[in-house]
Amino acid sequence: MKPLKTLTALAAISLVFSAHAADKLTIGATPVPQAEILEFIKPQLAKQGVDLNVKVFTDYVQPNTQVEEKGLDANFFQHKPYLDNFNKERGTHLVAVAAVHVEPFGVYSQKVKALKDLRQGAVVAIPNDPTNGGRALLLLEKAGLIKLKDSSNIQSTVKDIVNNPKKLEFKELEAATLPRVLDQVDLAAINSNYALEAKLVPTRDALAIEGSKSPYANFLVTRLDNKDSSAVKKLALALTTPEVKKFIEEKYKGAVVPAF
């Protein structure tokens, strides 16, 4: 009987460890504000039995690729239009779980203090991915610099510009590089997460910025086969609490806006 008891005890211990392992969650995120928000909720999740491991990325491709290939359980860095376009172009099967915040998109310059002062033929850098490039063009249109063929098309490209009175020259670059080339161009349209990393304050430094009602909320994203897991559900709930809302409002002072 003693060996049987020993085996039973070992089996029970094994089940305990298995349960804890099942609640380990590895998530990919861009550094600011996503990784900072995730670090803020880590203690809360630990109390619920979720061991959250945050892996930081500085690009918009690898976090999705690694979730699809099961190298990550989830990611937190993108808005829905980008996710939809990524799934369509890459054949991935990722799903949005919870909207967390909006990072109002802004345009910045080190050469002029107002958009009206832009010179003829000024060089404007925008993101080279379809959704953020279109988002930048829509903001420039709203600011009165250009006119697009269809003002409702979030995937507009420079080819869709039908009126460009200042003869602006557009350079399409990877989103992460835009803060680094700000001193080399007249104007750059920069995602707020990259602006914050570069110590820019969107509400102070942007010459034009999206309003708080921007449709580009950042989502927690995972695979279809993982969206109903206990750990992902706990993470989604933890990201949308009043405490997180207060953290976002107090830390980012309008540069990041809660979407819940």
# chains A, B, ... in the order shown; residues from 1 in each chain; ligands from 1
call {"tool": "residues_around", "arguments": {"residues": "Gly106 (chain A)", "least_positions_apart": "6", "cutoff": "7 Å", "atoms": "only C-alpha atoms", "output": "MDAnalysis selection string"}}
result
chainID A and resid 189:192 202 206 208:210
call {"tool": "closest_atom_pairs", "arguments": {"of": "region 64-85 of chain A", "to": "region 29-32 of chain A", "cutoff": "8 Å", "atoms": "only C-alpha atoms", "output": "tab-separated table"}}
result
residue	atom	partner	partner_atom	distance
A:Asn75	CA	A:Ala29	CA	5.7
A:Phe76	CA	A:Ala29	CA	5.0
A:Phe77	CA	A:Ala29	CA	5.5
call {"tool": "write_last_selection", "arguments": {"atoms": "N, CA and C atoms", "output": "tab-separated table (two decimals), in the first residue's frame"}}
result
chain	number	residue	atom	x	y	z
A	75	ASN	N	-0.32	38.51	-28.44
A	75	ASN	CA	0.46	39.73	-28.57
A	75	ASN	C	-0.42	40.94	-28.31
A	76	PHE	N	0.24	42.07	-28.13
A	76	PHE	CA	-0.47	43.31	-27.80
A	76	PHE	C	0.34	44.46	-28.41
A	77	PHE	N	-0.06	44.90	-29.61
A	77	PHE	CA	0.67	46.00	-30.24
A	77	PHE	C	-0.09	46.64	-31.40
call {"tool": "residues_around", "arguments": {"residues": "Tyr252 (chain A)", "least_positions_apart": "2", "cutoff": "10 Å", "atoms": "only C-alpha atoms", "output": "PyMOL selection string"}}
result
chain A and resi 33+103+196+201-203+247-250+254-257
call {"tool": "closest_residue", "arguments": {"among": "A:Lys253, A:Lys166, A:Lys246, A:Lys213", "to": "Ala122 (chain A)", "atoms": "only C-alpha atoms"}}
result
A:Lys166
call {"tool": "select_by_dssp", "arguments": {"residues": "region 69-139 of chain A", "states": "helix (DSSP H, G or I)", "output": "ChimeraX atom specification"}}
result
/A:80-90,115-117,130-139
call {"tool": "write_last_selection", "arguments": {"atoms": "N, CA and C atoms", "output": "short mmCIF file (atom, residue, chain, number, x, y, z; two decimals), in the first residue's frame"}}
result
data_model
loop_
_atom_site.label_atom_id
_atom_site.label_comp_id
_atom_site.auth_asym_id
_atom_site.auth_seq_id
_atom_site.Cartn_x
_atom_site.Cartn_y
_atom_site.Cartn_z
N LYS A 80 -7.08 46.87 -35.23
CA LYS A 80 -7.82 45.88 -36.02
C LYS A 80 -7.57 46.00 -37.52
N PRO A 81 -7.53 47.19 -38.12
CA PRO A 81 -7.25 47.24 -39.55
C PRO A 81 -5.91 46.61 -39.93
N TYR A 82 -4.89 46.82 -39.07
CA TYR A 82 -3.58 46.21 -39.35
C TYR A 82 -3.69 44.69 -39.25
N LEU A 83 -4.37 44.19 -38.21
CA LEU A 83 -4.53 42.75 -38.02
C LEU A 83 -5.27 42.13 -39.20
N ASP A 84 -6.35 42.75 -39.63
CA ASP A 84 -7.13 42.22 -40.75
C ASP A 84 -6.29 42.14 -42.02
N ASN A 85 -5.51 43.18 -42.26
CA ASN A 85 -4.66 43.21 -43.45
C ASN A 85 -3.55 42.16 -43.36
N PHE A 86 -2.99 41.99 -42.16
CA PHE A 86 -1.93 41.00 -41.95
C PHE A 86 -2.46 39.59 -42.22
N ASN A 87 -3.63 39.28 -41.66
CA ASN A 87 -4.24 37.96 -41.88
C ASN A 87 -4.48 37.72 -43.37
N LYS A 88 -4.97 38.73 -44.06
CA LYS A 88 -5.28 38.60 -45.48
C LYS A 88 -4.02 38.38 -46.32
N GLU A 89 -2.98 39.15 -46.03
CA GLU A 89 -1.75 39.08 -46.84
C GLU A 89 -0.89 37.86 -46.51
N ARG A 90 -0.90 37.44 -45.25
CA ARG A 90 0.02 36.38 -44.81
C ARG A 90 -0.66 35.04 -44.61
N LEU A 115 1.98 73.55 -39.56
CA LEU A 115 1.87 72.94 -40.88
C LEU A 115 1.81 73.98 -41.99
N LYS A 116 1.26 75.14 -41.70
CA LYS A 116 1.16 76.19 -42.72
C LYS A 116 2.53 76.70 -43.18
N ASP A 117 3.56 76.42 -42.36
CA ASP A 117 4.91 76.88 -42.69
C ASP A 117 5.71 75.90 -43.54
N PRO A 130 0.31 49.14 -45.19
CA PRO A 130 -0.90 49.69 -45.80
C PRO A 130 -1.83 50.44 -44.85
N THR A 131 -2.11 49.87 -43.67
CA THR A 131 -3.09 50.52 -42.80
C THR A 131 -2.55 51.78 -42.15
N ASN A 132 -1.31 51.73 -41.66
CA ASN A 132 -0.76 52.93 -41.01
C ASN A 132 -0.39 54.00 -42.03
N GLY A 133 -0.02 53.58 -43.23
CA GLY A 133 0.23 54.55 -44.29
C GLY A 133 -1.05 55.28 -44.65
N GLY A 134 -2.14 54.53 -44.79
CA GLY A 134 -3.44 55.14 -45.07
C GLY A 134 -3.91 56.03 -43.94
N ARG A 135 -3.66 55.59 -42.75
CA ARG A 135 -4.03 56.38 -41.55
C ARG A 135 -3.30 57.72 -41.55
N ALA A 136 -2.02 57.70 -41.91
CA ALA A 136 -1.23 58.93 -41.97
C ALA A 136 -1.78 59.88 -43.03
N LEU A 137 -2.13 59.34 -44.19
CA LEU A 137 -2.65 60.17 -45.28
C LEU A 137 -4.00 60.78 -44.90
N LEU A 138 -4.82 60.02 -44.21
CA LEU A 138 -6.11 60.55 -43.78
C LEU A 138 -5.93 61.71 -42.79
N LEU A 139 -4.93 61.59 -41.93
CA LEU A 139 -4.66 62.67 -40.98
C LEU A 139 -4.13 63.91 -41.70
#
call {"tool": "select_by_dssp", "arguments": {"residues": "region 118-147 of chain A", "states": "strand (DSSP E or B)", "output": "MDAnalysis selection string"}}
result
chainID A and resid 123:127 147
call {"tool": "residues_around", "arguments": {"residues": "Ala176 (chain A)", "least_positions_apart": "5", "cutoff": "10 Å", "atoms": "only C-alpha atoms", "output": "list in words"}}
result
Thr58, Asp59, Tyr60, Pro127, Ile190, Asn191, Asn193, Tyr194, Ala195 and Glu197 of chain A
call {"tool": "write_last_selection", "arguments": {"atoms": "N, CA and C atoms", "output": "PDB file, in the first residue's frame"}}
result
ATOM      1  N   THR A  58      10.308  45.282 -31.452  1.00  0.00           N
ATOM      2  CA  THR A  58      10.341  46.645 -31.984  1.00  0.00           C
ATOM      3  C   THR A  58       9.848  46.701 -33.426  1.00  0.00           C
ATOM      4  N   ASP A  59       9.223  45.607 -33.873  1.00  0.00           N
ATOM      5  CA  ASP A  59       8.641  45.610 -35.215  1.00  0.00           C
ATOM      6  C   ASP A  59       7.208  45.105 -35.144  1.00  0.00           C
ATOM      7  N   TYR A  60       6.498  45.181 -36.280  1.00  0.00           N
ATOM      8  CA  TYR A  60       5.083  44.819 -36.313  1.00  0.00           C
ATOM      9  C   TYR A  60       4.829  43.470 -36.989  1.00  0.00           C
ATOM     10  N   PRO A 127       4.452  55.784 -42.605  1.00  0.00           N
ATOM     11  CA  PRO A 127       4.697  54.342 -42.497  1.00  0.00           C
ATOM     12  C   PRO A 127       4.467  53.636 -43.831  1.00  0.00           C
ATOM     13  N   ILE A 190       3.965  59.641 -37.265  1.00  0.00           N
ATOM     14  CA  ILE A 190       4.543  58.627 -36.374  1.00  0.00           C
ATOM     15  C   ILE A 190       3.483  58.033 -35.449  1.00  0.00           C
ATOM     16  N   ASN A 191       3.488  56.692 -35.360  1.00  0.00           N
ATOM     17  CA  ASN A 191       2.636  56.011 -34.387  1.00  0.00           C
ATOM     18  C   ASN A 191       3.036  56.443 -32.984  1.00  0.00           C
ATOM     19  N   ASN A 193       3.207  54.974 -30.138  1.00  0.00           N
ATOM     20  CA  ASN A 193       4.114  54.135 -29.338  1.00  0.00           C
ATOM     21  C   ASN A 193       5.566  54.437 -29.683  1.00  0.00           C
ATOM     22  N   TYR A 194       5.855  54.652 -30.969  1.00  0.00           N
ATOM     23  CA  TYR A 194       7.223  54.986 -31.365  1.00  0.00           C
ATOM     24  C   TYR A 194       7.573  56.430 -30.996  1.00  0.00           C
ATOM     25  N   ALA A 195       6.582  57.314 -31.043  1.00  0.00           N
ATOM     26  CA  ALA A 195       6.816  58.699 -30.628  1.00  0.00           C
ATOM     27  C   ALA A 195       7.191  58.752 -29.147  1.00  0.00           C
ATOM     28  N   GLU A 197       8.527  56.348 -27.336  1.00  0.00           N
ATOM     29  CA  GLU A 197       9.870  55.779 -27.164  1.00  0.00           C
ATOM     30  C   GLU A 197      10.947  56.811 -27.480  1.00  0.00           C
TER      31      GLU A 197
END
call {"tool": "closest_residue", "arguments": {"among": "A:Ala74, A:Leu38, A:Ala114, A:Val244", "to": "Leu207 (chain A)", "atoms": "only C-alpha atoms"}}
result
A:Ala114
call {"tool": "closest_residue", "arguments": {"among": "A:Ala259, A:Ala188, A:Ala143, A:Leu235", "to": "Lys111 (chain A)", "atoms": "only C-alpha atoms"}}
result
A:Ala188
call {"tool": "residues_around", "arguments": {"residues": "Lys233 (chain A)", "least_positions_apart": "6", "cutoff": "10 Å", "atoms": "only C-alpha atoms", "output": "PyMOL selection string"}}
result
chain A and resi 97-98+226-227
call {"tool": "write_last_selection", "arguments": {"atoms": "N, CA and C atoms", "output": "tab-separated table (two decimals), in the first residue's frame"}}
result
chain	number	residue	atom	x	y	z
A	97	VAL	N	-9.09	39.99	-29.32
A	97	VAL	CA	-9.81	39.54	-28.13
A	97	VAL	C	-10.42	40.69	-27.35
A	98	ALA	N	-9.63	41.75	-27.10
A	98	ALA	CA	-10.13	42.87	-26.30
A	98	ALA	C	-9.46	44.17	-26.72
A	226	ASN	N	-6.89	29.61	-29.20
A	226	ASN	CA	-6.42	29.99	-27.86
A	226	ASN	C	-7.28	31.07	-27.21
A	227	LYS	N	-8.23	31.64	-27.97
A	227	LYS	CA	-8.95	32.82	-27.48
A	227	LYS	C	-9.85	32.52	-26.28
call {"tool": "closest_residue", "arguments": {"among": "A:Gly28, A:Pro258, A:Pro242, A:Pro215", "to": "Lys70 (chain A)", "atoms": "only C-alpha atoms"}}
result
A:Gly28
call {"tool": "closest_residue", "arguments": {"among": "A:Asp160, A:Thr26, A:Gly211, A:Arg180", "to": "Ala198 (chain A)", "atoms": "only C-alpha atoms"}}
result
A:Arg180
